[in-house]
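This is query.csv. It holds CSV, C-alpha atoms.
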```csv
chain,number,residue,atom,x,y,z
A,616,MET,CA,191.8,51.3,-100.2
A,617,ASN,CA,195.3,50.0,-99.6
A,618,ASN,CA,194.7,48.3,-96.3
A,619,LYS,CA,193.6,45.0,-97.8
A,620,SER,CA,194.9,42.0,-96.0
A,621,LEU,CA,197.2,39.6,-97.6
A,622,ARG,CA,194.6,36.8,-97.5
A,623,PHE,CA,192.2,39.0,-99.4
A,624,LYS,CA,194.8,39.7,-102.1
A,625,VAL,CA,195.7,36.0,-102.5
A,626,VAL,CA,192.0,35.0,-102.9
A,627,ASP,CA,191.6,37.8,-105.4
A,628,TRP,CA,194.5,36.5,-107.5
A,629,LEU,CA,193.1,33.0,-107.3
A,630,LEU,CA,189.8,34.2,-108.6
A,631,ILE,CA,191.4,36.1,-111.4
A,632,ALA,CA,193.2,33.0,-112.3
A,633,LEU,CA,189.9,31.1,-112.3
A,634,MET,CA,188.6,33.7,-114.7
A,635,ILE,CA,191.5,33.5,-117.1
A,636,LEU,CA,192.7,29.9,-116.9
A,637,PRO,CA,189.6,28.3,-118.6
A,638,LEU,CA,190.2,30.6,-121.7
A,639,VAL,CA,193.9,29.7,-121.7
A,640,ALA,CA,193.0,26.1,-121.5
A,641,GLY,CA,190.5,26.4,-124.3
A,642,ILE,CA,193.1,28.1,-126.6
A,643,ALA,CA,195.6,25.4,-125.7
A,644,LEU,CA,193.1,22.7,-126.5
A,645,LYS,CA,192.3,24.3,-129.8
A,646,VAL,CA,196.0,24.7,-130.7
A,647,LEU,CA,196.8,21.1,-129.7
A,648,THR,CA,193.8,19.5,-131.5
A,649,THR,CA,193.7,21.6,-134.7
A,650,PRO,CA,195.6,19.7,-137.4
A,651,GLY,CA,198.3,21.8,-138.8
A,652,SER,CA,198.7,22.9,-142.4
A,653,ASP,CA,195.1,22.6,-143.5
A,654,GLY,CA,194.9,26.4,-143.6
A,655,ILE,CA,191.8,28.2,-142.7
A,656,ALA,CA,188.6,26.3,-143.3
A,657,ILE,CA,185.0,26.8,-142.5
A,658,THR,CA,184.0,23.8,-140.5
A,659,GLY,CA,181.4,22.9,-137.9
A,660,ALA,CA,182.4,22.5,-134.3
A,661,ARG,CA,185.2,19.9,-133.9
A,662,VAL,CA,184.2,16.7,-132.2
A,663,TYR,CA,186.8,16.0,-129.5
A,664,CYS,CA,185.6,12.5,-128.4
A,665,VAL,CA,182.6,10.3,-128.6
A,666,ILE,CA,181.2,8.7,-125.5
A,667,PRO,CA,179.2,5.5,-126.2
A,668,MET,CA,175.7,5.6,-124.8
A,669,PRO,CA,172.9,3.0,-124.9
A,670,LEU,CA,170.6,4.9,-127.3
A,671,GLN,CA,172.9,7.1,-129.3
A,672,ASP,CA,176.6,8.0,-129.0
A,673,LEU,CA,177.3,11.2,-127.2
A,674,PRO,CA,179.8,13.4,-129.0
A,675,ILE,CA,181.7,15.9,-126.9
A,676,THR,CA,182.1,18.8,-129.3
A,677,GLU,CA,184.1,22.0,-129.3
A,678,SER,CA,181.0,24.1,-128.6
A,679,GLN,CA,180.2,22.0,-125.5
A,680,VAL,CA,183.7,22.2,-124.1
A,681,ASN,CA,183.8,25.9,-124.8
A,682,SER,CA,180.5,26.6,-123.1
A,683,TRP,CA,181.7,24.7,-120.0
A,684,LEU,CA,184.9,26.8,-120.1
A,685,ILE,CA,182.9,30.0,-120.4
A,686,MET,CA,180.7,28.9,-117.5
A,687,LEU,CA,183.8,28.5,-115.4
A,688,THR,CA,185.0,31.9,-116.4
A,689,ILE,CA,181.7,33.5,-115.5
A,690,VAL,CA,181.7,31.7,-112.1
A,691,GLY,CA,185.2,33.1,-111.5
A,692,ALA,CA,184.2,36.6,-112.6
A,693,VAL,CA,181.1,36.6,-110.4
A,694,LEU,CA,183.1,35.4,-107.4
A,695,TYR,CA,185.7,38.0,-108.0
A,696,LEU,CA,183.2,40.8,-108.4
A,697,THR,CA,181.3,39.9,-105.2
A,698,HIS,CA,184.5,39.3,-103.2
A,699,GLY,CA,184.7,41.6,-100.2
A,700,LEU,CA,181.2,43.0,-100.3
A,701,ALA,CA,180.5,45.4,-97.5
A,702,LEU,CA,177.6,47.5,-96.3
A,703,LYS,CA,179.5,50.6,-97.2
A,704,PRO,CA,181.2,50.0,-100.6
A,705,GLN,CA,184.9,49.7,-100.1
A,706,THR,CA,185.9,48.5,-103.5
A,707,LYS,CA,185.3,49.8,-107.0
A,708,ARG,CA,184.0,46.4,-108.1
A,709,GLN,CA,181.2,46.6,-105.6
A,710,LEU,CA,180.0,49.8,-107.2
A,711,LEU,CA,180.1,48.1,-110.6
A,712,VAL,CA,178.1,45.1,-109.3
A,713,GLU,CA,175.5,47.3,-107.7
A,714,TRP,CA,175.2,49.3,-110.9
A,715,ALA,CA,174.8,46.1,-112.9
A,716,VAL,CA,172.2,44.6,-110.6
A,717,GLU,CA,170.2,47.8,-110.5
A,718,LYS,CA,170.2,47.9,-114.3
A,719,ALA,CA,169.0,44.3,-114.6
A,720,GLU,CA,166.3,45.0,-112.0
A,721,TYR,CA,165.2,48.1,-113.9
A,722,LEU,CA,165.2,46.3,-117.2
A,723,VAL,CA,163.1,43.4,-115.9
A,724,SER,CA,160.6,45.5,-114.0
A,725,ASP,CA,160.3,47.9,-116.9
A,726,ASN,CA,159.5,45.1,-119.4
A,727,MET,CA,157.7,42.5,-117.3
A,728,GLY,CA,156.1,44.4,-114.5
A,729,ALA,CA,156.5,44.0,-110.8
A,730,ARG,CA,154.9,40.6,-110.7
A,731,PHE,CA,157.9,39.0,-112.4
A,732,LYS,CA,160.5,40.4,-110.1
A,733,ALA,CA,161.9,37.0,-109.4
A,734,PHE,CA,163.0,36.7,-113.0
A,735,VAL,CA,165.9,39.2,-112.6
A,736,PRO,CA,168.6,36.5,-111.9
A,737,PHE,CA,167.4,34.3,-114.8
A,738,ILE,CA,167.3,37.1,-117.4
A,739,ALA,CA,170.6,38.4,-116.2
A,740,ALA,CA,172.1,34.9,-116.4
A,741,ILE,CA,170.8,34.5,-120.0
A,742,MET,CA,172.2,37.8,-121.0
A,743,VAL,CA,175.6,37.2,-119.4
A,744,ILE,CA,176.2,33.7,-120.8
A,745,SER,CA,174.9,34.6,-124.2
A,746,ALA,CA,177.1,37.8,-124.5
A,747,SER,CA,180.2,36.2,-123.1
A,748,SER,CA,179.8,33.1,-125.3
A,749,SER,CA,179.6,35.3,-128.4
A,750,LEU,CA,182.5,37.4,-127.2
A,751,MET,CA,184.6,34.2,-127.0
A,752,SER,CA,185.6,34.6,-130.6
A,753,LEU,CA,187.6,37.7,-129.6
A,754,VAL,CA,190.2,35.4,-128.0
A,755,GLY,CA,190.2,33.1,-131.1
A,756,LEU,CA,187.9,30.4,-129.7
A,757,ARG,CA,184.9,29.2,-131.6
A,758,PRO,CA,181.8,30.8,-129.9
A,759,PRO,CA,179.4,28.2,-128.5
A,760,THR,CA,176.5,30.2,-129.8
A,761,ALA,CA,177.6,29.5,-133.4
A,762,ASP,CA,176.3,26.0,-132.8
A,763,ILE,CA,172.5,25.6,-133.0
A,764,ASN,CA,172.4,22.9,-130.3
A,765,VAL,CA,173.6,25.3,-127.6
A,766,VAL,CA,171.1,28.0,-128.5
A,767,ALA,CA,168.3,25.6,-129.1
A,768,GLY,CA,168.9,24.3,-125.6
A,769,TRP,CA,168.3,27.8,-124.2
A,770,ALA,CA,165.3,28.3,-126.4
A,771,VAL,CA,163.7,25.1,-125.2
A,772,VAL,CA,164.2,26.1,-121.6
A,773,VAL,CA,162.6,29.5,-122.3
A,774,PHE,CA,159.8,27.8,-124.1
A,775,ILE,CA,159.1,25.5,-121.2
A,776,ILE,CA,158.9,28.6,-118.9
A,777,ILE,CA,156.6,30.4,-121.3
A,778,THR,CA,154.3,27.4,-121.4
A,779,TYR,CA,154.4,27.0,-117.7
A,780,TYR,CA,153.3,30.6,-117.2
A,781,LYS,CA,150.6,30.3,-119.8
A,782,LEU,CA,149.2,27.2,-118.0
A,783,LYS,CA,149.0,29.2,-114.8
A,784,GLY,CA,145.6,30.5,-116.1
A,785,GLY,CA,144.3,26.9,-116.1
A,786,LEU,CA,144.4,24.2,-118.7
A,787,PHE,CA,141.1,25.0,-120.4
A,788,PRO,CA,141.9,28.7,-121.3
A,789,TYR,CA,145.3,27.5,-122.6
A,790,VAL,CA,143.8,24.9,-124.9
A,791,LYS,CA,141.0,27.3,-125.9
A,792,GLY,CA,143.5,29.9,-126.9
A,793,PHE,CA,144.5,27.6,-129.8
A,794,PHE,CA,141.0,27.6,-131.2
A,795,GLU,CA,140.7,31.4,-131.5
A,796,PRO,CA,139.4,33.2,-133.4
A,797,VAL,CA,137.8,30.2,-135.2
A,798,PRO,CA,138.5,26.5,-134.7
A,799,ILE,CA,139.9,26.2,-138.2
A,800,PHE,CA,142.9,28.2,-137.1
A,801,ALA,CA,144.0,25.6,-134.6
A,802,PRO,CA,146.9,24.0,-136.7
A,803,PHE,CA,148.3,27.5,-137.6
A,804,ASN,CA,148.1,28.5,-133.9
A,805,ILE,CA,150.0,25.3,-132.9
A,806,ILE,CA,152.6,25.9,-135.5
A,807,GLY,CA,152.9,29.5,-134.4
A,808,GLU,CA,153.4,28.4,-130.9
A,809,LEU,CA,156.0,25.8,-131.8
A,810,SER,CA,157.9,28.3,-134.0
A,811,THR,CA,158.7,30.4,-131.0
A,812,PRO,CA,161.8,28.4,-129.9
A,813,VAL,CA,162.8,27.7,-133.5
A,814,SER,CA,162.8,31.4,-134.4
A,815,MET,CA,164.5,32.4,-131.2
A,816,SER,CA,167.3,29.9,-131.7
A,817,PHE,CA,167.7,30.5,-135.4
A,818,ARG,CA,168.0,34.2,-134.9
A,819,HIS,CA,170.7,34.0,-132.3
A,820,TYR,CA,172.6,31.2,-134.0
A,821,GLY,CA,172.3,32.7,-137.5
A,822,ASN,CA,173.7,36.0,-136.5
A,823,VAL,CA,176.7,34.6,-134.7
A,824,LEU,CA,177.4,31.9,-137.4
A,825,SER,CA,177.2,34.5,-140.2
A,826,GLY,CA,179.9,36.5,-138.3
A,827,VAL,CA,182.1,33.5,-138.0
A,828,VAL,CA,181.7,32.5,-141.6
A,829,ILE,CA,182.3,36.0,-143.0
A,830,SER,CA,185.3,36.6,-140.8
A,831,THR,CA,186.8,33.3,-141.9
A,832,LEU,CA,186.2,34.1,-145.6
A,833,ILE,CA,187.8,37.6,-145.3
A,834,ALA,CA,190.8,36.2,-143.4
A,835,THR,CA,191.3,33.6,-146.1
A,836,ALA,CA,191.0,36.1,-148.9
A,837,LEU,CA,193.4,38.5,-147.2
A,838,GLN,CA,195.9,35.7,-146.7
A,839,GLY,CA,195.7,34.8,-150.4
A,840,LEU,CA,196.0,38.5,-151.4
A,841,SER,CA,199.1,39.1,-149.2
A,842,LYS,CA,200.7,35.9,-150.6
A,843,LEU,CA,200.0,37.2,-154.1
A,844,LEU,CA,201.4,40.7,-153.4
A,845,LEU,CA,204.3,40.0,-151.1
A,846,GLY,CA,205.1,36.4,-151.8
A,847,TRP,CA,208.2,37.3,-153.8
A,848,ILE,CA,210.0,38.6,-150.8
A,849,PRO,CA,212.1,35.7,-149.4
A,850,VAL,CA,211.4,35.3,-145.7
A,851,ILE,CA,208.8,37.8,-144.7
A,852,GLY,CA,206.7,37.1,-147.7
A,853,ASN,CA,205.1,34.1,-145.9
A,854,ILE,CA,203.7,36.3,-143.1
A,855,PRO,CA,200.2,37.4,-144.1
A,856,PHE,CA,200.6,41.1,-143.4
A,857,LEU,CA,197.2,42.1,-144.8
A,858,GLN,CA,195.4,40.0,-142.2
A,859,ALA,CA,196.4,42.5,-139.5
A,860,GLY,CA,194.0,45.3,-139.7
A,861,LEU,CA,190.7,44.7,-141.5
A,862,PRO,CA,189.5,41.6,-139.7
A,863,ALA,CA,189.8,43.5,-136.4
A,864,ILE,CA,187.5,46.3,-137.7
A,865,LEU,CA,185.0,43.8,-139.0
A,866,SER,CA,185.1,41.8,-135.7
A,867,LEU,CA,184.0,45.1,-134.1
A,868,TYR,CA,180.7,44.7,-135.8
A,869,PHE,CA,180.3,40.9,-136.1
A,870,ASP,CA,181.7,39.9,-132.8
A,871,ILE,CA,181.1,42.7,-130.4
A,872,PHE,CA,178.0,44.5,-131.7
A,873,SER,CA,176.2,41.5,-133.1
A,874,GLY,CA,177.0,39.3,-130.1
A,875,LEU,CA,175.9,41.9,-127.5
A,876,MET,CA,172.8,42.7,-129.6
A,877,GLN,CA,171.7,39.1,-129.9
A,878,ALA,CA,172.2,38.6,-126.1
A,879,PHE,CA,170.0,41.6,-125.4
A,880,ILE,CA,167.4,40.5,-127.9
A,881,PHE,CA,167.3,37.0,-126.6
A,882,ALA,CA,166.7,38.2,-123.1
A,883,MET,CA,164.2,40.8,-124.3
A,884,LEU,CA,162.2,38.3,-126.2
A,885,THR,CA,162.2,35.9,-123.2
A,886,MET,CA,160.8,38.7,-121.1
A,887,LEU,CA,158.2,39.8,-123.6
A,888,TYR,CA,157.0,36.2,-124.3
A,889,ILE,CA,156.7,35.3,-120.6
A,890,ALA,CA,155.0,38.6,-119.7
A,891,THR,CA,152.6,38.8,-122.6
A,892,GLY,CA,151.8,35.1,-122.5
A,893,PHE,CA,150.8,35.2,-118.8
A,894,PRO,CA,147.0,35.3,-118.7
A,895,GLU,CA,146.5,37.7,-115.8
A,896,GLU,CA,142.7,37.7,-115.7
A,897,ASP,CA,142.3,34.0,-115.8
A,898,TYR,CA,145.0,33.6,-113.2
A,899,GLU,CA,143.3,36.1,-110.8
A,900,ARG,CA,139.9,34.4,-111.4
A,901,ARG,CA,141.4,31.0,-110.6
A,902,MET,CA,143.1,32.2,-107.5
A,903,ALA,CA,139.9,33.9,-106.3
A,904,LYS,CA,138.0,30.6,-106.9
A,905,LYS,CA,140.7,28.7,-105.0
A,906,ARG,CA,140.5,31.1,-102.1
A,907,ALA,CA,136.7,30.9,-102.0
A,908,ARG,CA,136.9,27.1,-101.9
A,909,ALA,CA,139.5,27.1,-99.1
A,910,ALA,CA,137.3,29.6,-97.2
A,911,ALA,CA,134.2,27.4,-97.7
A,912,ARG,CA,136.1,24.3,-96.5
A,913,ALA,CA,137.4,26.1,-93.3
B,1287,MET,CA,178.2,8.6,-161.2
B,1288,GLU,CA,180.3,11.7,-161.8
B,1289,LEU,CA,177.4,13.3,-163.6
B,1290,ALA,CA,175.1,12.6,-160.7
B,1291,ILE,CA,177.5,14.1,-158.2
B,1292,GLY,CA,177.9,17.1,-160.5
B,1293,ILE,CA,174.2,17.6,-160.6
B,1294,ILE,CA,174.0,17.3,-156.8
B,1295,LEU,CA,176.7,20.0,-156.3
B,1296,ALA,CA,175.2,22.3,-158.9
B,1297,GLY,CA,171.8,21.9,-157.3
B,1298,CYS,CA,173.1,22.7,-153.9
B,1299,ALA,CA,174.9,25.8,-155.2
B,1300,ILE,CA,171.9,27.0,-157.1
B,1301,GLY,CA,169.7,26.3,-154.1
B,1302,ALA,CA,172.0,28.2,-151.8
B,1303,GLY,CA,171.9,31.2,-154.1
B,1304,LEU,CA,168.1,31.1,-154.3
B,1305,ALA,CA,167.8,30.8,-150.6
B,1306,LEU,CA,169.6,34.1,-150.1
B,1307,ILE,CA,166.8,35.9,-152.0
B,1308,ALA,CA,165.2,35.8,-148.6
B,1309,GLY,CA,167.5,38.7,-147.8
B,1310,ILE,CA,165.4,41.1,-149.8
B,1311,GLY,CA,162.5,41.2,-147.4
B,1312,PRO,CA,164.4,42.1,-144.3
B,1313,GLY,CA,166.4,44.6,-146.3
B,1314,ILE,CA,163.3,46.5,-147.4
B,1315,GLY,CA,161.6,46.1,-144.0
B,1316,GLU,CA,164.6,47.3,-142.0
B,1317,GLY,CA,165.1,50.2,-144.4
B,1318,ASN,CA,161.5,51.3,-143.8
B,1319,ALA,CA,161.9,50.9,-140.0
B,1320,VAL,CA,165.0,53.0,-139.9
B,1321,ALA,CA,163.5,55.7,-142.2
B,1322,LYS,CA,160.5,55.9,-139.9
B,1323,ALA,CA,162.7,56.0,-136.8
B,1324,CYS,CA,164.7,58.9,-138.3
B,1325,GLU,CA,161.5,60.7,-139.0
B,1326,ALA,CA,160.3,60.2,-135.4
B,1327,ILE,CA,163.7,61.4,-134.0
B,1328,GLY,CA,163.5,64.4,-136.3
B,1329,ARG,CA,160.1,65.3,-135.0
B,1330,GLN,CA,160.8,64.6,-131.4
B,1331,PRO,CA,164.6,64.7,-130.8
B,1332,GLU,CA,164.1,64.2,-127.0
B,1333,SER,CA,162.7,60.7,-127.5
B,1334,LYS,CA,165.9,59.5,-129.4
B,1335,GLY,CA,166.9,56.9,-126.8
B,1336,ALA,CA,163.5,55.1,-126.7
B,1337,VAL,CA,163.0,55.3,-130.5
B,1338,THR,CA,166.5,53.9,-131.2
B,1339,SER,CA,166.2,51.0,-128.8
B,1340,THR,CA,162.8,50.0,-130.1
B,1341,MET,CA,164.0,50.3,-133.7
B,1342,ILE,CA,167.0,48.1,-133.1
B,1343,MET,CA,164.8,45.5,-131.4
B,1344,GLY,CA,162.3,45.6,-134.3
B,1345,CYS,CA,165.1,45.4,-136.8
B,1346,ALA,CA,166.5,42.3,-135.1
B,1347,ILE,CA,163.2,40.6,-135.2
B,1348,ALA,CA,162.6,41.5,-138.8
B,1349,GLU,CA,166.0,40.0,-139.6
B,1350,THR,CA,164.8,36.6,-138.6
B,1351,THR,CA,163.3,35.7,-142.0
B,1352,GLY,CA,166.5,36.6,-143.7
B,1353,LEU,CA,168.4,34.5,-141.3
B,1354,TYR,CA,166.3,31.5,-142.1
B,1355,GLY,CA,167.5,31.9,-145.7
B,1356,LEU,CA,171.1,32.3,-144.5
B,1357,VAL,CA,170.9,29.1,-142.4
B,1358,ILE,CA,169.4,27.2,-145.3
B,1359,GLY,CA,172.1,28.6,-147.6
B,1360,ILE,CA,174.9,27.6,-145.2
B,1361,LEU,CA,173.5,24.1,-144.8
B,1362,LEU,CA,173.2,23.7,-148.6
B,1363,ILE,CA,176.8,24.7,-149.1
B,1364,PHE,CA,178.6,23.0,-146.2
B,1365,VAL,CA,176.4,20.1,-145.1
B,1366,ALA,CA,174.1,19.0,-147.9
B,1367,PRO,CA,176.6,18.0,-150.7
B,1368,ASN,CA,178.3,15.4,-148.5
B,1369,LEU,CA,175.0,14.1,-147.2
B,1370,PHE,CA,173.5,13.8,-150.7
B,1371,VAL,CA,176.6,12.2,-152.2
B,1372,ASN,CA,176.7,9.7,-149.4
B,1373,ILE,CA,173.0,8.9,-150.0
B,1374,LEU,CA,173.7,8.4,-153.7
B,1375,LYS,CA,176.7,6.2,-153.1
B,1376,ASN,CA,174.7,4.0,-150.7
B,1377,ALA,CA,171.9,3.8,-153.2
B,1378,VAL,CA,174.3,2.8,-156.0
B,1379,LYS,CA,175.7,0.0,-153.8
```

Would you write the structure of this file as structure tokens?
Amino acid sequence: MNNKSLRFKVVDWLLIALMILPLVAGIALKVLTTPGSDGIAITGARVYCVIPMPLQDLPITESQVNSWLIMLTIVGAVLYLTHGLALKPQTKRQLLVEWAVEKAEYLVSDNMGARFKAFVPFIAAIMVISASSSLMSLVGLRPPTADINVVAGWAVVVFIIITYYKLKGGLFPYVKGFFEPVPIFAPFNIIGELSTPVSMSFRHYGNVLSGVVISTLIATALQGLSKLLLGWIPVIGNIPFLQAGLPAILSLYFDIFSGLMQAFIFAMLTMLYIATGFPEEDYERRMAKKRARAAARA
Amino acid sequence: MELAIGIILAGCAIGAGLALIAGIGPGIGEGNAVAKACEAIGRQPESKGAVTSTMIMGCAIAETTGLYGLVIGILLIFVAPNLFVNILKNAVK
């Protein structure tokens, strides 16, 4: 459609700017704060500043800042994609959005059942933020998911939701579940329960971090190799030519495939844990009891 | 002092190497999973999509134990030496 009004176009450009500017700001911040001439090094997330707090100082790290930036980018992207929705699709992006929403609904209803239809936005949000955080390394920023604190935060949120849905069957069946099949198993069951968030966060963080470490190692090795081979040429010898091709091919696996895979798996495990942990029979029995009591009272 | 620091560094490096033995398990397990998935696809080519997605899901979960080893290895190489040397220096003071 070419008959868009000027206002529509201006808002469009503003939203595109909101999408891109956080990433540019992140790159600028990284370039400005990275000390020069220390070459390539494998470090943890850089600490930008420390805010004094009563109990413990609060460090503002690179992963935190980057995850705020990616949140802004996602907000911009979502506003851009939903800009100008109409009953009859007039823009291509509306078709894209409708396709994505349909896919998310299909995924959730396929894996969790119709009862958990309200989980579509949550699961989609987890997937989008995890995937886009991991893909941040494509523009040269440190992915927030390579920091265990970020991923552990998500895993704790998911764990709280899982426990909430398990408790829907009543407190007694939940506690009783720990003493099955025999009471001696209680410590193991409790450890198994607590290992859910640990394994979820370690899986995601380990995959992304290993990609970061291996890409850095290969980039350093190629830099050394090109210095060794081409260092005798006066001016252009200092440019690491060999760094050009191979890291890009590897990032295809480590950044794109691994990142998207982990986002999918994190969302998938969230769905499976919530849906399989939900005690349907106990919940139905409890609801029936409640209804009977309410009827008796009336 | 130097000897103690040397022992710390050597211990961390050896420990990191040993931690990565954890990669054997997921390697064997994922290999088995992929082999079975190939068999299943060979028997029923029309179920390729479902088999592949289930297999990738299972592989990713089987990978977790290996990743535990990886995380321990990375901690031992990049985090532990500084930590232990600082503890030693404080103890000597």

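The neighbours of Gly1297 of chain B here are the residues that come within 12 Å of it, using all atoms listed in the file and leaving out any residue fewer than 4 positions away in the same chain; they are Ala1290, Ile1291, Gly1292, Ile1293, Gly1301, Ala1302, Gly1303, Leu1304, Ala1305, Gly1359, Leu1362, Ile1363, Ala1366, Pro1367, Phe1370 and Val1371 of chain B.
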
Same residues, C-alpha atoms, output as an mmCIF file, in the frame of the given file:
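Output contents, as saved in selection.cif:
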```cif
data_model
loop_
_atom_site.group_PDB
_atom_site.id
_atom_site.type_symbol
_atom_site.label_atom_id
_atom_site.label_comp_id
_atom_site.auth_asym_id
_atom_site.auth_seq_id
_atom_site.Cartn_x
_atom_site.Cartn_y
_atom_site.Cartn_z
ATOM 1 C CA ALA B 1290 175.100 12.600 -160.700
ATOM 2 C CA ILE B 1291 177.500 14.100 -158.200
ATOM 3 C CA GLY B 1292 177.900 17.100 -160.500
ATOM 4 C CA ILE B 1293 174.200 17.600 -160.600
ATOM 5 C CA GLY B 1301 169.700 26.300 -154.100
ATOM 6 C CA ALA B 1302 172.000 28.200 -151.800
ATOM 7 C CA GLY B 1303 171.900 31.200 -154.100
ATOM 8 C CA LEU B 1304 168.100 31.100 -154.300
ATOM 9 C CA ALA B 1305 167.800 30.800 -150.600
ATOM 10 C CA GLY B 1359 172.100 28.600 -147.600
ATOM 11 C CA LEU B 1362 173.200 23.700 -148.600
ATOM 12 C CA ILE B 1363 176.800 24.700 -149.100
ATOM 13 C CA ALA B 1366 174.100 19.000 -147.900
ATOM 14 C CA PRO B 1367 176.600 18.000 -150.700
ATOM 15 C CA PHE B 1370 173.500 13.800 -150.700
ATOM 16 C CA VAL B 1371 176.600 12.200 -152.200
#
```

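Between Tyr663 of chain A and the candidates A:Met727, A:Leu644, A:Ala907, A:Leu700, the tightest atom-to-atom separation, counting all atoms listed in the file, involves A:Leu644.
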
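If you measure from each of B:Leu1361, B:Ala1321, B:Leu1369, B:Leu1374 to chain A using all atoms listed in the file, the closest one turns out to be B:Leu1361.
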
Restrict the distance test to all atoms listed in the file, flag each residue of chain A within 10 Å of chain B, and return the flagged residues as a VMD selection string. chain A and resid 657 to 659 814 to 822 824 to 825 828 873 876 to 877 879 to 880 883 to 884

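Going from atom CA of Thr831 of chain A to atom CA of Met742 of chain A covers 25.9 Å.
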
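Atom pair atom CA of Ala801 of chain A / atom CA of Val771 of chain A: separated by 21.8 Å.
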
How far is it from atom CA of Glu713 of chain A to atom CA of Gly874 of chain A, in Å with one decimal? 23.8 Å

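If all atoms listed in the file are the atoms counted, then among A:Val662, A:Ala863, A:Val754, A:Ala729 the closest residue to Gln679 of chain A is A:Val662.
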
Residues near Lys1322 of chain B, cut-off 12 Å, only C-alpha atoms, skip fewer than 4 positions along chain, as a VMD selection string: chain B and resid 1315 to 1318 1326 to 1329 1337 to 1338 1340 to 1341 1344 to 1345

I'd like the neighbourhood of segment 731-735 of chain A as JSON, numbers by chain, where a residue qualifies if any of its atoms comes within 7 Å (using only C-alpha atoms), though same-chain residues fewer than 6 positions away should be ignored. {"A": [719, 720, 723, 724]}

Counting all atoms listed in the file, I want the residues whose atoms come within 12 Å of (153.8, 29.9, -118.8) in the file frame, returned as a PyMOL selection string. chain A and resi 731+772-786+789+885-895+898

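With all atoms listed in the file taken into account, the protein and nucleic acid residues at most 9 Å from Ser747 of chain A (excluding it and anything under 4 positions from it in its own chain) are Ile685, Ile689, Met742, Val743, Met751, Pro758, Gly874, Leu875 and Ala878 of chain A.
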
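Environment of (170.6, 25.0, -131.0): residues at most 10 Å away, judged by all atoms listed in the file, are Pro759, Thr760, Ala761, Asp762, Ile763, Asn764, Val765, Val766, Ala767, Gly768, Trp769, Ala770, Val771, Pro812, Val813, Met815, Ser816, Phe817, His819 and Tyr820 of chain A.
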
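Comparing the minimum interatomic distances between Val1320 of chain B and each of B:Met1287, B:Ile1373, B:Ser1339, B:Lys1379, counting only C-alpha atoms, we find that B:Ser1339 sits nearest.
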
Can you tell me which residues surround Leu865 of chain A at a distance of at most 10 Å, considering all atoms listed in the file, apart from same-chain residues fewer than 3 positions away, and format the answer as a list in words? Gly826, Ile829, Ser830, Ile833, Gly860, Leu861, Pro862, Tyr868, Phe869, Asp870 and Ile871 of chain A

Can I get N, CA and C atoms for segment 1324-1335 of chain B, as an mmCIF file, in the first residue's frame?
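And here is the file that came out, part-v6.cif:
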```cif
data_model
loop_
_atom_site.group_PDB
_atom_site.id
_atom_site.type_symbol
_atom_site.label_atom_id
_atom_site.label_comp_id
_atom_site.auth_asym_id
_atom_site.auth_seq_id
_atom_site.Cartn_x
_atom_site.Cartn_y
_atom_site.Cartn_z
ATOM 1 N N CYS B 1324 17.731 -41.845 13.427
ATOM 2 C CA CYS B 1324 17.953 -42.168 12.012
ATOM 3 C C CYS B 1324 17.219 -43.449 11.652
ATOM 4 N N GLU B 1325 17.293 -44.438 12.556
ATOM 5 C CA GLU B 1325 16.568 -45.691 12.312
ATOM 6 C C GLU B 1325 15.078 -45.422 12.150
ATOM 7 N N ALA B 1326 14.546 -44.620 13.083
ATOM 8 C CA ALA B 1326 13.108 -44.354 13.050
ATOM 9 C C ALA B 1326 12.715 -43.651 11.764
ATOM 10 N N ILE B 1327 13.567 -42.691 11.317
ATOM 11 C CA ILE B 1327 13.246 -41.971 10.083
ATOM 12 C C ILE B 1327 13.333 -42.927 8.894
ATOM 13 N N GLY B 1328 14.327 -43.833 8.957
ATOM 14 C CA GLY B 1328 14.453 -44.799 7.874
ATOM 15 C C GLY B 1328 13.235 -45.696 7.782
ATOM 16 N N ARG B 1329 12.677 -46.049 8.941
ATOM 17 C CA ARG B 1329 11.514 -46.925 8.928
ATOM 18 C C ARG B 1329 10.260 -46.168 8.527
ATOM 19 N N GLN B 1330 10.128 -44.954 9.027
ATOM 20 C CA GLN B 1330 8.922 -44.174 8.723
ATOM 21 C C GLN B 1330 9.328 -42.780 8.272
ATOM 22 N N PRO B 1331 9.678 -42.615 7.010
ATOM 23 C CA PRO B 1331 10.176 -41.309 6.553
ATOM 24 C C PRO B 1331 9.146 -40.196 6.720
ATOM 25 N N GLU B 1332 7.861 -40.534 6.767
ATOM 26 C CA GLU B 1332 6.870 -39.454 6.853
ATOM 27 C C GLU B 1332 6.849 -38.797 8.232
ATOM 28 N N SER B 1333 7.443 -39.470 9.254
ATOM 29 C CA SER B 1333 7.428 -38.879 10.588
ATOM 30 C C SER B 1333 8.723 -38.136 10.887
ATOM 31 N N LYS B 1334 9.399 -37.685 9.813
ATOM 32 C CA LYS B 1334 10.714 -37.085 9.994
ATOM 33 C C LYS B 1334 10.672 -35.848 10.901
ATOM 34 N N GLY B 1335 9.675 -34.985 10.677
ATOM 35 C CA GLY B 1335 9.623 -33.737 11.440
ATOM 36 C C GLY B 1335 9.493 -33.984 12.927
#
```
